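Participant: Got a structure for you, query35.pdb, holding PDB, C-alpha atoms.
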ATOM      1  CA  MET A   1      -9.535  36.597 -26.803
ATOM      2  CA  SER A   2     -10.686  33.284 -28.263
ATOM      3  CA  GLU A   3      -7.159  32.420 -29.365
ATOM      4  CA  ASN A   4      -5.983  32.509 -25.747
ATOM      5  CA  MET A   5      -8.856  30.460 -24.349
ATOM      6  CA  ILE A   6      -8.013  26.937 -23.255
ATOM      7  CA  VAL A   7     -10.913  24.520 -22.905
ATOM      8  CA  SER A   8     -10.329  21.334 -20.944
ATOM      9  CA  VAL A   9     -12.396  18.556 -19.451
ATOM     10  CA  SER A  10     -14.265  19.443 -16.258
ATOM     11  CA  PRO A  11     -14.077  19.720 -13.299
ATOM     12  CA  HIS A  12     -12.190  23.016 -13.216
ATOM     13  CA  VAL A  13     -10.415  23.595  -9.925
ATOM     14  CA  ARG A  14      -8.936  26.880  -8.779
ATOM     15  CA  SER A  15      -6.659  26.931  -5.769
ATOM     16  CA  GLY A  16      -4.545  29.557  -4.069
ATOM     17  CA  MET A  17      -2.114  26.888  -2.864
ATOM     18  CA  THR A  18       1.289  27.308  -4.488
ATOM     19  CA  THR A  19       4.260  24.958  -4.484
ATOM     20  CA  GLN A  20       6.035  27.256  -2.048
ATOM     21  CA  LYS A  21       3.072  27.224   0.367
ATOM     22  CA  ILE A  22       2.792  23.439   0.175
ATOM     23  CA  MET A  23       6.491  22.967   0.866
ATOM     24  CA  ALA A  24       6.377  25.472   3.706
ATOM     25  CA  ILE A  25       3.553  23.494   5.331
ATOM     26  CA  VAL A  26       5.522  20.268   4.893
ATOM     27  CA  LEU A  27       8.518  21.883   6.604
ATOM     28  CA  ILE A  28       6.285  23.006   9.472
ATOM     29  CA  ALA A  29       4.926  19.444   9.756
ATOM     30  CA  LEU A  30       8.516  18.173   9.964
ATOM     31  CA  ILE A  31       9.403  20.428  12.901
ATOM     32  CA  PRO A  32       8.138  18.034  15.623
ATOM     33  CA  ALA A  33      10.289  15.197  14.258
ATOM     34  CA  PHE A  34      13.245  17.574  13.928
ATOM     35  CA  ALA A  35      12.822  18.659  17.546
ATOM     36  CA  ALA A  36      12.630  15.009  18.646
ATOM     37  CA  SER A  37      15.858  14.220  16.776
ATOM     38  CA  ILE A  38      17.648  16.985  18.672
ATOM     39  CA  VAL A  39      16.271  15.770  22.002
ATOM     40  CA  PHE A  40      17.348  12.169  21.420
ATOM     41  CA  PHE A  41      20.496  12.577  19.304
ATOM     42  CA  GLY A  42      21.851  15.964  20.303
ATOM     43  CA  ALA A  43      23.199  18.938  18.388
ATOM     44  CA  ARG A  44      24.736  16.839  15.635
ATOM     45  CA  ALA A  45      21.221  16.198  14.353
ATOM     46  CA  ILE A  46      21.089  19.912  13.524
ATOM     47  CA  ALA A  47      24.376  19.646  11.633
ATOM     48  CA  VAL A  48      23.192  16.669   9.539
ATOM     49  CA  VAL A  49      19.891  18.344   8.652
ATOM     50  CA  ALA A  50      21.565  21.683   7.874
ATOM     51  CA  VAL A  51      24.209  20.084   5.633
ATOM     52  CA  CYS A  52      21.623  18.048   3.709
ATOM     53  CA  ALA A  53      19.285  21.016   3.225
ATOM     54  CA  CYS A  54      22.068  23.407   2.180
ATOM     55  CA  ALA A  55      23.646  20.865  -0.166
ATOM     56  CA  ALA A  56      20.270  20.247  -1.801
ATOM     57  CA  VAL A  57      19.643  23.957  -2.385
ATOM     58  CA  ILE A  58      23.183  24.598  -3.647
ATOM     59  CA  SER A  59      23.024  21.578  -5.976
ATOM     60  CA  GLU A  60      19.754  22.774  -7.457
ATOM     61  CA  TYR A  61      21.043  26.327  -7.890
ATOM     62  CA  ILE A  62      24.280  25.254  -9.579
ATOM     63  CA  PHE A  63      22.582  22.743 -11.891
ATOM     64  CA  GLU A  64      19.979  25.270 -13.019
ATOM     65  CA  LYS A  65      22.677  27.884 -13.605
ATOM     66  CA  ILE A  66      24.722  25.473 -15.717
ATOM     67  CA  THR A  67      21.705  24.350 -17.747
ATOM     68  CA  LYS A  68      20.339  27.919 -17.983
ATOM     69  CA  ARG A  69      17.021  26.963 -16.413
ATOM     70  CA  PRO A  70      14.981  29.349 -14.273
ATOM     71  CA  SER A  71      15.917  29.096 -10.613
ATOM     72  CA  THR A  72      13.428  27.125  -8.510
ATOM     73  CA  ILE A  73      15.158  27.222  -5.137
ATOM     74  CA  GLY A  74      12.516  29.686  -3.932
ATOM     75  CA  ASP A  75       9.781  27.045  -4.043
ATOM     76  CA  LEU A  76      11.429  25.287  -1.055
ATOM     77  CA  SER A  77      11.158  21.839  -2.650
ATOM     78  CA  ALA A  78      14.934  21.361  -2.492
ATOM     79  CA  VAL A  79      14.896  22.202   1.219
ATOM     80  CA  VAL A  80      12.185  19.594   1.825
ATOM     81  CA  THR A  81      14.177  16.984  -0.105
ATOM     82  CA  GLY A  82      17.300  17.727   1.917
ATOM     83  CA  VAL A  83      15.469  17.555   5.253
ATOM     84  CA  LEU A  84      13.721  14.293   4.336
ATOM     85  CA  LEU A  85      17.023  12.739   3.288
ATOM     86  CA  ALA A  86      18.586  13.822   6.591
ATOM     87  CA  PHE A  87      15.689  12.237   8.457
ATOM     88  CA  ASN A  88      16.585   8.946   6.734
ATOM     89  CA  LEU A  89      20.218   9.010   7.880
ATOM     90  CA  PRO A  90      21.899   7.951  11.140
ATOM     91  CA  VAL A  91      23.221  10.792  13.276
ATOM     92  CA  SER A  92      26.783   9.455  12.922
ATOM     93  CA  ILE A  93      26.840   9.762   9.119
ATOM     94  CA  PRO A  94      29.913  11.682   7.877
ATOM     95  CA  LEU A  95      28.750  15.101   6.758
ATOM     96  CA  TRP A  96      30.415  14.819   3.345
ATOM     97  CA  MET A  97      28.353  11.689   2.676
ATOM     98  CA  ALA A  98      25.197  13.544   3.690
ATOM     99  CA  ALA A  99      26.051  16.370   1.267
ATOM    100  CA  LEU A 100      26.773  13.907  -1.540
ATOM    101  CA  GLY A 101      23.455  12.169  -0.929
ATOM    102  CA  SER A 102      21.606  15.475  -1.276
ATOM    103  CA  ALA A 103      23.394  16.204  -4.538
ATOM    104  CA  VAL A 104      22.353  12.790  -5.879
ATOM    105  CA  ALA A 105      18.751  13.403  -4.838
ATOM    106  CA  ILE A 106      18.555  16.786  -6.520
ATOM    107  CA  VAL A 107      20.702  16.390  -9.628
ATOM    108  CA  VAL A 108      20.283  12.723 -10.570
ATOM    109  CA  VAL A 109      16.742  11.969  -9.391
ATOM    110  CA  LYS A 110      15.049  15.354  -9.715
ATOM    111  CA  GLN A 111      16.730  17.735 -12.160
ATOM    112  CA  LEU A 112      17.898  15.253 -14.800
ATOM    113  CA  PHE A 113      14.269  14.205 -15.223
ATOM    114  CA  GLY A 114      13.100  17.789 -15.716
ATOM    115  CA  GLY A 115      12.754  19.213 -12.219
ATOM    116  CA  ILE A 116       9.937  19.310  -9.730
ATOM    117  CA  GLY A 117       6.834  17.422 -10.816
ATOM    118  CA  LYS A 118       8.672  15.399 -13.458
ATOM    119  CA  ASN A 119      10.724  12.995 -11.346
ATOM    120  CA  PHE A 120       9.387   9.435 -11.432
ATOM    121  CA  ALA A 121      10.729   8.523  -7.982
ATOM    122  CA  ASN A 122      10.980  10.224  -4.618
ATOM    123  CA  PRO A 123      14.412  11.933  -4.580
ATOM    124  CA  ALA A 124      15.094  11.442  -0.852
ATOM    125  CA  ILE A 125      14.118   7.762  -0.923
ATOM    126  CA  THR A 126      16.228   7.046  -4.002
ATOM    127  CA  ALA A 127      19.241   8.898  -2.623
ATOM    128  CA  ARG A 128      18.981   6.923   0.614
ATOM    129  CA  ILE A 129      19.065   3.644  -1.312
ATOM    130  CA  VAL A 130      22.074   4.851  -3.335
ATOM    131  CA  MET A 131      23.852   5.777  -0.105
ATOM    132  CA  LEU A 132      22.944   2.438   1.450
ATOM    133  CA  LEU A 133      24.578   0.638  -1.464
ATOM    134  CA  ALA A 134      27.585   2.960  -1.623
ATOM    135  CA  PHE A 135      28.234   3.378   2.111
ATOM    136  CA  PRO A 136      26.695   0.317   3.830
ATOM    137  CA  THR A 137      28.743   0.576   7.031
ATOM    138  CA  ALA A 138      28.119   4.271   7.634
ATOM    139  CA  MET A 139      24.434   3.877   6.776
ATOM    140  CA  THR A 140      23.910   1.010   9.224
ATOM    141  CA  THR A 141      25.910   2.279  12.196
ATOM    142  CA  TRP A 142      23.409   3.393  14.799
ATOM    143  CA  THR A 143      23.794   5.551  17.871
ATOM    144  CA  ALA A 144      21.651   4.804  20.893
ATOM    145  CA  ALA A 145      19.220   7.589  21.763
ATOM    146  CA  ASN A 146      20.395  10.158  24.338
ATOM    147  CA  THR A 147      24.009   8.941  24.289
ATOM    148  CA  VAL A 148      25.101  11.949  22.211
ATOM    149  CA  ILE A 149      23.652  14.265  24.845
ATOM    150  CA  HIS A 150      25.198  12.343  27.726
ATOM    151  CA  THR A 151      28.652  11.732  26.271
ATOM    152  CA  GLY A 152      29.090  14.489  23.699
ATOM    153  CA  ALA A 153      30.282  12.018  21.033
ATOM    154  CA  VAL A 154      28.276  10.539  18.201
ATOM    155  CA  ASP A 155      30.078   7.215  18.248
ATOM    156  CA  ALA A 156      30.239   6.689  22.013
ATOM    157  CA  VAL A 157      27.495   4.087  22.311
ATOM    158  CA  THR A 158      26.106   2.083  19.434
ATOM    159  CA  GLY A 159      22.788   0.325  19.557
ATOM    160  CA  ALA A 160      20.760  -1.911  17.274
ATOM    161  CA  THR A 161      17.509  -0.574  15.895
ATOM    162  CA  PRO A 162      14.240  -2.188  17.031
ATOM    163  CA  LEU A 163      13.830  -3.782  13.593
ATOM    164  CA  GLY A 164      17.362  -5.144  13.784
ATOM    165  CA  LEU A 165      16.604  -6.685  17.167
ATOM    166  CA  MET A 166      13.384  -8.226  15.872
ATOM    167  CA  ALA A 167      15.166  -9.642  12.828
ATOM    168  CA  ALA A 168      17.815 -11.182  15.101
ATOM    169  CA  GLY A 169      15.165 -12.632  17.406
ATOM    170  CA  GLU A 170      16.417 -10.603  20.370
ATOM    171  CA  THR A 171      12.945  -9.699  21.615
ATOM    172  CA  ALA A 172      14.090  -9.365  25.228
ATOM    173  CA  ALA A 173      16.267  -6.386  24.277
ATOM    174  CA  LEU A 174      13.485  -4.541  22.450
ATOM    175  CA  PRO A 175      12.519  -1.084  23.735
ATOM    176  CA  GLY A 176       9.120  -0.758  25.390
ATOM    177  CA  LEU A 177       6.129   0.508  23.443
ATOM    178  CA  SER A 178       6.295   3.872  25.206
ATOM    179  CA  GLU A 179       9.962   4.267  24.213
ATOM    180  CA  LEU A 180       9.093   3.437  20.614
ATOM    181  CA  PHE A 181       6.159   5.841  20.619
ATOM    182  CA  PHE A 182       8.125   8.782  21.996
ATOM    183  CA  GLY A 183      11.339   7.931  20.124
ATOM    184  CA  GLN A 184      13.922   6.887  22.674
ATOM    185  CA  CYS A 185      15.583   4.211  20.545
ATOM    186  CA  ALA A 186      18.271   3.840  17.920
ATOM    187  CA  GLY A 187      17.413   4.650  14.337
ATOM    188  CA  CYS A 188      17.514   7.302  11.658
ATOM    189  CA  LEU A 189      17.184  10.923  12.754
ATOM    190  CA  GLY A 190      13.575  11.537  11.854
ATOM    191  CA  GLU A 191      12.023   8.109  12.152
ATOM    192  CA  THR A 192      12.212   7.198  15.831
ATOM    193  CA  SER A 193       9.440   9.342  17.361
ATOM    194  CA  ALA A 194       5.999   8.102  16.313
ATOM    195  CA  LEU A 195       4.393  10.897  18.320
ATOM    196  CA  ALA A 196       6.263  13.623  16.445
ATOM    197  CA  LEU A 197       5.466  12.067  13.071
ATOM    198  CA  LEU A 198       1.771  11.732  13.919
ATOM    199  CA  ILE A 199       1.654  15.422  14.860
ATOM    200  CA  GLY A 200       3.067  16.170  11.417
ATOM    201  CA  PHE A 201       0.460  13.874   9.876
ATOM    202  CA  VAL A 202      -2.354  15.833  11.524
ATOM    203  CA  ILE A 203      -0.887  19.125  10.264
ATOM    204  CA  LEU A 204      -0.685  17.844   6.677
ATOM    205  CA  LEU A 205      -4.225  16.438   6.816
ATOM    206  CA  CYS A 206      -5.813  19.534   8.351
ATOM    207  CA  THR A 207      -4.165  21.818   5.800
ATOM    208  CA  GLY A 208      -5.211  19.587   2.900
ATOM    209  CA  VAL A 209      -1.646  19.039   1.709
ATOM    210  CA  ILE A 210      -2.155  15.257   1.735
ATOM    211  CA  THR A 211      -5.104  12.880   1.900
ATOM    212  CA  TRP A 212      -5.470   9.960   4.290
ATOM    213  CA  HIS A 213      -5.541   7.233   1.647
ATOM    214  CA  THR A 214      -1.899   6.212   1.229
ATOM    215  CA  PRO A 215      -0.638   6.667   4.825
ATOM    216  CA  VAL A 216      -3.604   4.917   6.445
ATOM    217  CA  VAL A 217      -3.749   2.045   3.958
ATOM    218  CA  TYR A 218       0.042   1.616   4.051
ATOM    219  CA  VAL A 219       0.218   1.390   7.842
ATOM    220  CA  ALA A 220      -2.955  -0.711   8.091
ATOM    221  CA  THR A 221      -1.601  -3.182   5.534
ATOM    222  CA  VAL A 222       1.623  -3.661   7.494
ATOM    223  CA  PHE A 223      -0.427  -4.071  10.692
ATOM    224  CA  VAL A 224      -2.737  -6.733   9.210
ATOM    225  CA  PHE A 225      -0.061  -8.732   7.393
ATOM    226  CA  THR A 226       2.400  -8.790  10.297
ATOM    227  CA  TRP A 227      -0.426  -9.849  12.622
ATOM    228  CA  LEU A 228      -1.484 -12.647  10.256
ATOM    229  CA  ILE A 229       2.023 -14.109  10.129
ATOM    230  CA  GLY A 230       2.476 -13.980  13.900
ATOM    231  CA  GLU A 231       4.629 -10.871  14.232
ATOM    232  CA  ASP A 232       3.958  -8.005  16.658
ATOM    233  CA  PRO A 233       2.041  -5.496  14.489
ATOM    234  CA  VAL A 234       2.272  -2.589  16.922
ATOM    235  CA  ARG A 235       6.052  -2.826  17.149
ATOM    236  CA  HIS A 236       6.301  -3.008  13.365
ATOM    237  CA  ILE A 237       4.300   0.205  13.046
ATOM    238  CA  LEU A 238       6.276   2.071  15.699
ATOM    239  CA  SER A 239       9.679   0.804  14.529
ATOM    240  CA  GLY A 240      11.806   1.884  11.605
ATOM    241  CA  GLY A 241      10.812   4.323   8.921
ATOM    242  CA  LEU A 242       7.236   3.169   8.326
ATOM    243  CA  LEU A 243       5.480   6.280   9.659
ATOM    244  CA  LEU A 244       8.058   8.659   8.168
ATOM    245  CA  GLY A 245       7.774   6.980   4.775
ATOM    246  CA  ALA A 246       3.994   6.614   4.809
ATOM    247  CA  ILE A 247       3.301  10.208   5.867
ATOM    248  CA  PHE A 248       5.990  12.245   4.143
ATOM    249  CA  MET A 249       7.356  10.232   1.206
ATOM    250  CA  ALA A 250       4.600   7.938  -0.011
ATOM    251  CA  THR A 251       2.465  11.075  -0.408
ATOM    252  CA  ASP A 252       4.820  12.871  -2.803
ATOM    253  CA  TYR A 253       2.728  14.493  -5.536
ATOM    254  CA  SER A 254       4.872  13.735  -8.568
ATOM    255  CA  SER A 255       5.857  10.136  -7.814
ATOM    256  CA  THR A 256       2.591   8.748  -6.394
ATOM    257  CA  PRO A 257      -0.854   8.209  -7.979
ATOM    258  CA  SER A 258      -3.136  11.179  -8.565
ATOM    259  CA  THR A 259      -6.395   9.304  -7.932
ATOM    260  CA  ALA A 260      -7.924   8.259  -4.611
ATOM    261  CA  TRP A 261      -8.144   4.579  -5.577
ATOM    262  CA  GLY A 262      -4.630   4.812  -6.968
ATOM    263  CA  ARG A 263      -3.376   6.017  -3.597
ATOM    264  CA  VAL A 264      -5.148   3.119  -1.912
ATOM    265  CA  ILE A 265      -3.468   0.632  -4.267
ATOM    266  CA  PHE A 266      -0.120   2.371  -3.728
ATOM    267  CA  GLY A 267      -0.442   2.066   0.045
ATOM    268  CA  LEU A 268      -1.553  -1.559  -0.194
ATOM    269  CA  GLY A 269       1.343  -2.522  -2.446
ATOM    270  CA  ALA A 270       3.901  -0.651  -0.354
ATOM    271  CA  GLY A 271       2.604  -2.286   2.815
ATOM    272  CA  ILE A 272       2.834  -5.787   1.371
ATOM    273  CA  ILE A 273       6.357  -5.244   0.014
ATOM    274  CA  THR A 274       7.517  -3.692   3.291
ATOM    275  CA  THR A 275       6.199  -6.665   5.268
ATOM    276  CA  PHE A 276       7.826  -9.223   2.974
ATOM    277  CA  ILE A 277      11.216  -7.478   3.135
ATOM    278  CA  ARG A 278      11.081  -7.001   6.893
ATOM    279  CA  VAL A 279      10.023 -10.558   7.690
ATOM    280  CA  TRP A 280      11.761 -12.625   5.017
ATOM    281  CA  GLY A 281      14.395 -10.334   3.524
ATOM    282  CA  ASN A 282      18.050 -10.018   4.486
ATOM    283  CA  TYR A 283      17.574  -6.336   5.306
ATOM    284  CA  PRO A 284      15.444  -5.554   8.394
ATOM    285  CA  GLU A 285      13.824  -2.462   6.847
ATOM    286  CA  GLY A 286      11.802  -2.362   3.651
ATOM    287  CA  VAL A 287      10.133   1.056   3.512
ATOM    288  CA  SER A 288      12.551   2.745   1.095
ATOM    289  CA  PHE A 289      12.574  -0.173  -1.349
ATOM    290  CA  SER A 290       8.794  -0.582  -1.241
ATOM    291  CA  ILE A 291       8.108   3.092  -1.957
ATOM    292  CA  LEU A 292      10.635   3.141  -4.816
ATOM    293  CA  LEU A 293       9.104   0.026  -6.388
ATOM    294  CA  MET A 294       5.611   1.509  -6.130
ATOM    295  CA  ASN A 295       6.917   4.798  -7.584
ATOM    296  CA  ILE A 296       7.868   2.854 -10.704
ATOM    297  CA  LEU A 297       4.317   1.491 -10.958
ATOM    298  CA  THR A 298       2.654   4.864 -10.335
ATOM    299  CA  PRO A 299       1.955   5.800 -14.001
ATOM    300  CA  HIS A 300       0.211   2.475 -14.565
ATOM    301  CA  ILE A 301      -1.757   2.706 -11.321
ATOM    302  CA  SER A 302      -2.932   6.210 -12.216
ATOM    303  CA  ASN A 303      -4.031   5.059 -15.677
ATOM    304  CA  TRP A 304      -5.890   2.040 -14.282
ATOM    305  CA  THR A 305      -7.783   4.099 -11.718
ATOM    306  CA  ARG A 306      -8.456   7.284 -13.683
ATOM    307  CA  SER A 307     -12.163   8.006 -14.167
ATOM    308  CA  LYS A 308     -13.469   8.639 -17.658
ATOM    309  CA  PRO A 309     -14.967  12.121 -18.152
ATOM    310  CA  LEU A 310     -18.764  12.152 -18.239
ATOM    311  CA  GLY A 311     -20.057  11.829 -21.783
ATOM    312  CA  MET A 312     -16.747  10.648 -23.203
ATOM    313  CA  ILE A 313     -17.111   8.195 -26.088
ATOM    314  CA  VAL A 314     -14.446   5.529 -26.283
ATOM    315  CA  GLU A 315     -13.967   4.209 -29.817
ATOM    316  CA  LYS A 316     -12.935   0.618 -30.214
ATOM    317  CA  LYS A 317     -10.337  -0.296 -32.802
ATOM    318  CA  GLY A 318     -11.838  -1.971 -35.813
ATOM    319  CA  ALA A 319     -15.326  -0.516 -35.267
ATOM    320  CA  ASN A 320     -17.193   0.718 -38.323
TER     321      ASN A 320
END
Just dump the structure as structure tokens.

Facilitator:
Amino acid sequence: MSENMIVSVSPHVRSGMTTQKIMAIVLIALIPAFAASIVFFGARAIAVVAVCACAAVISEYIFEKITKRPSTIGDLSAVVTGVLLAFNLPVSIPLWMAALGSAVAIVVVKQLFGGIGKNFANPAITARIVMLLAFPTAMTTWTAANTVIHTGAVDAVTGATPLGLMAAGETAALPGLSELFFGQCAGCLGETSALALLIGFVILLCTGVITWHTPVVYVATVFVFTWLIGEDPVRHILSGGLLLGAIFMATDYSSTPSTAWGRVIFGLGAGIITTFIRVWGNYPEGVSFSILLMNILTPHISNWTRSKPLGMIVEKKGAN
């Protein structure tokens, strides 16, 4: 018996929450945004999400078969990655590009680093950046909301995103705050409806899947900094992928800090970087880049903010 006993530093936490349950809750929290994408962008939104999710699962299954690892497709993490990537894509994206992006997310960012819990960066965010660099035209061609429903074609009417309009100084053409809040504007599939994303945020908070620290600090930082430099803070919050990134991707367990203060620092840093890129960068959106940069700093942030166990004696080098 004693040989099998493992003694570790307190506190000892026991939880019935499994990876599969956590991912299932995340998928449930994503349903409102998925429904909004169908309402505003039509049936092709279903096709993009389905292709990304299926490609992610198939990529994980094939890679684990080739490398003779135990199959992990049952934990639903690959499905979540595929859906989140789809939510970061325009509805007009060619489906083969969407499938390739999912394969990059799963194989390159997740599995090559050891699988779930071992990836240093968020797979969906990283894959989106790779796709943005590889397919810049397809990734920045936007379809105006509702035009797919009205015309039946994904490329019938193009429209600039709210962030693109703000960057170009075309404030007169900006959607109203109500349109931004409900999601009737051009943008990526899952990012346009603030209402849908906030419903998902409440679900994740109430179920204990995430804490408030990173999302609230992230959004608040963007609000304060854009207000200080004379931008419209409300439009910055409701536009682009800020809420999607703050709620669903900056809260990823494996690529974000494990401590409360670490999550605060993560949100603060991501908010500052996002603001700088949006206001002074050549690219109107900065959420993906900010989260990836903070992912790289996560191990250091966790070490800086980790509490020392009670009664632990720290020996100094050179002490007698």

Participant: Compile a residue-level contact table for range 149-263 of chain A against range 108-120 of chain A at a cut-off of 9 Å, reporting for every qualifying residue the shortest atom pair and its distance in Å to one decimal, with all atoms listed in the file counted, rows ordered by chain and ascending number, as a tab-separated table.

Facilitator:
residue	atom	partner	partner_atom	distance
A:Tyr253	CA	A:Gly117	CA	7.3
A:Ser254	CA	A:Gly117	CA	4.7
A:Ser255	CA	A:Phe120	CA	5.1
A:Thr256	CA	A:Phe120	CA	8.5

Participant: Using only C-alpha atoms, can you tell me which of A:Val234, A:Leu292, A:Ala186, A:Ala55 comes closest to Val130 in chain A?

Facilitator: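 Closest to Val130 in chain A of all the choices is A:Leu292.
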
Participant: For a quick check of understanding, using only C-alpha atoms, which of A:Ile273, A:Ala144, A:Ile265, A:Met17 has the smallest distance to Val222 in chain A?

Facilitator: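 Ranked by minimum distance to Val222 in chain A, first place goes to A:Ile273.
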
Participant: Considering only C-alpha atoms, can you say which of A:Pro299, A:Gly269, A:Gly82, A:Pro162 comes closest to Ile125 in chain A?

Facilitator: A:Gly82

Participant: Where does the PyMOL selection byres ((chain A and resi 160) around 9) land in this file, that is, which residues does it pick, as a VMD selection string?

Facilitator: chain A and resid 141 to 144 158 to 159 161 to 165 185 to 187

Participant: Go ahead and dump the residues you just picked, C-alpha atoms, as a PDB file, in the frame of the given file.

Facilitator:
ATOM      1  CA  THR A 141      25.910   2.279  12.196  1.00  0.00           C
ATOM      2  CA  TRP A 142      23.409   3.393  14.799  1.00  0.00           C
ATOM      3  CA  THR A 143      23.794   5.551  17.871  1.00  0.00           C
ATOM      4  CA  ALA A 144      21.651   4.804  20.893  1.00  0.00           C
ATOM      5  CA  THR A 158      26.106   2.083  19.434  1.00  0.00           C
ATOM      6  CA  GLY A 159      22.788   0.325  19.557  1.00  0.00           C
ATOM      7  CA  THR A 161      17.509  -0.574  15.895  1.00  0.00           C
ATOM      8  CA  PRO A 162      14.240  -2.188  17.031  1.00  0.00           C
ATOM      9  CA  LEU A 163      13.830  -3.782  13.593  1.00  0.00           C
ATOM     10  CA  GLY A 164      17.362  -5.144  13.784  1.00  0.00           C
ATOM     11  CA  LEU A 165      16.604  -6.685  17.167  1.00  0.00           C
ATOM     12  CA  CYS A 185      15.583   4.211  20.545  1.00  0.00           C
ATOM     13  CA  ALA A 186      18.271   3.840  17.920  1.00  0.00           C
ATOM     14  CA  GLY A 187      17.413   4.650  14.337  1.00  0.00           C
TER      15      GLY A 187
END

Participant: Can you pull out the residues contacting Pro32 in chain A? Cut-off 9 Å, using only C-alpha atoms, and skip same-chain residues under 5 positions away; I want them as a ChimeraX atom specification.

Facilitator: /A:37,193,195-197,199-200

Participant: Starting from the PyMOL selection byres ((chain A and resi 90) around 9), expand the selection into actual residues of this file and give them as a list in words.

Facilitator: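 Listing what the PyMOL selection byres ((chain A and resi 90) around 9) selects in the shown file: Ala45, Val48, Ala86, Phe87, Asn88, Leu89, Val91, Ser92, Ile93, Ala138, Met139, Thr140, Thr141, Trp142, Thr143, Ala186, Gly187, Cys188 and Leu189 of chain A.
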
Participant: Give the answer as one residue: which of A:Ile66, A:Met166, A:Val217, A:Ala145 has the shortest atom-to-atom distance to Val279 in chain A, using only C-alpha atoms?

Facilitator: A:Met166

Participant: Run the PyMOL selection byres ((chain A and resi 123) around 7) mentally over the shown coordinates, then write out the matched residues as a PyMOL selection string, using the chain letters and numbers from the document.

Facilitator: chain A and resi 81+105-106+109-110+121-122+124-127

Participant: What is the distance between CA of Gly74 in chain A and CA of Met249 in chain A, in Å to one decimal?

Facilitator: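 Distance reported for this atom pair: 20.8 Å.
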
Participant: List as a ChimeraX atom specification the protein and nucleic acid residues near Ile277 in chain A, meaning an atom at most 12 Å away when all atoms listed in the file are counted, but skip any in the same chain fewer than 2 places from it.

Facilitator: /A:163,167,222,226,270-275,279-290
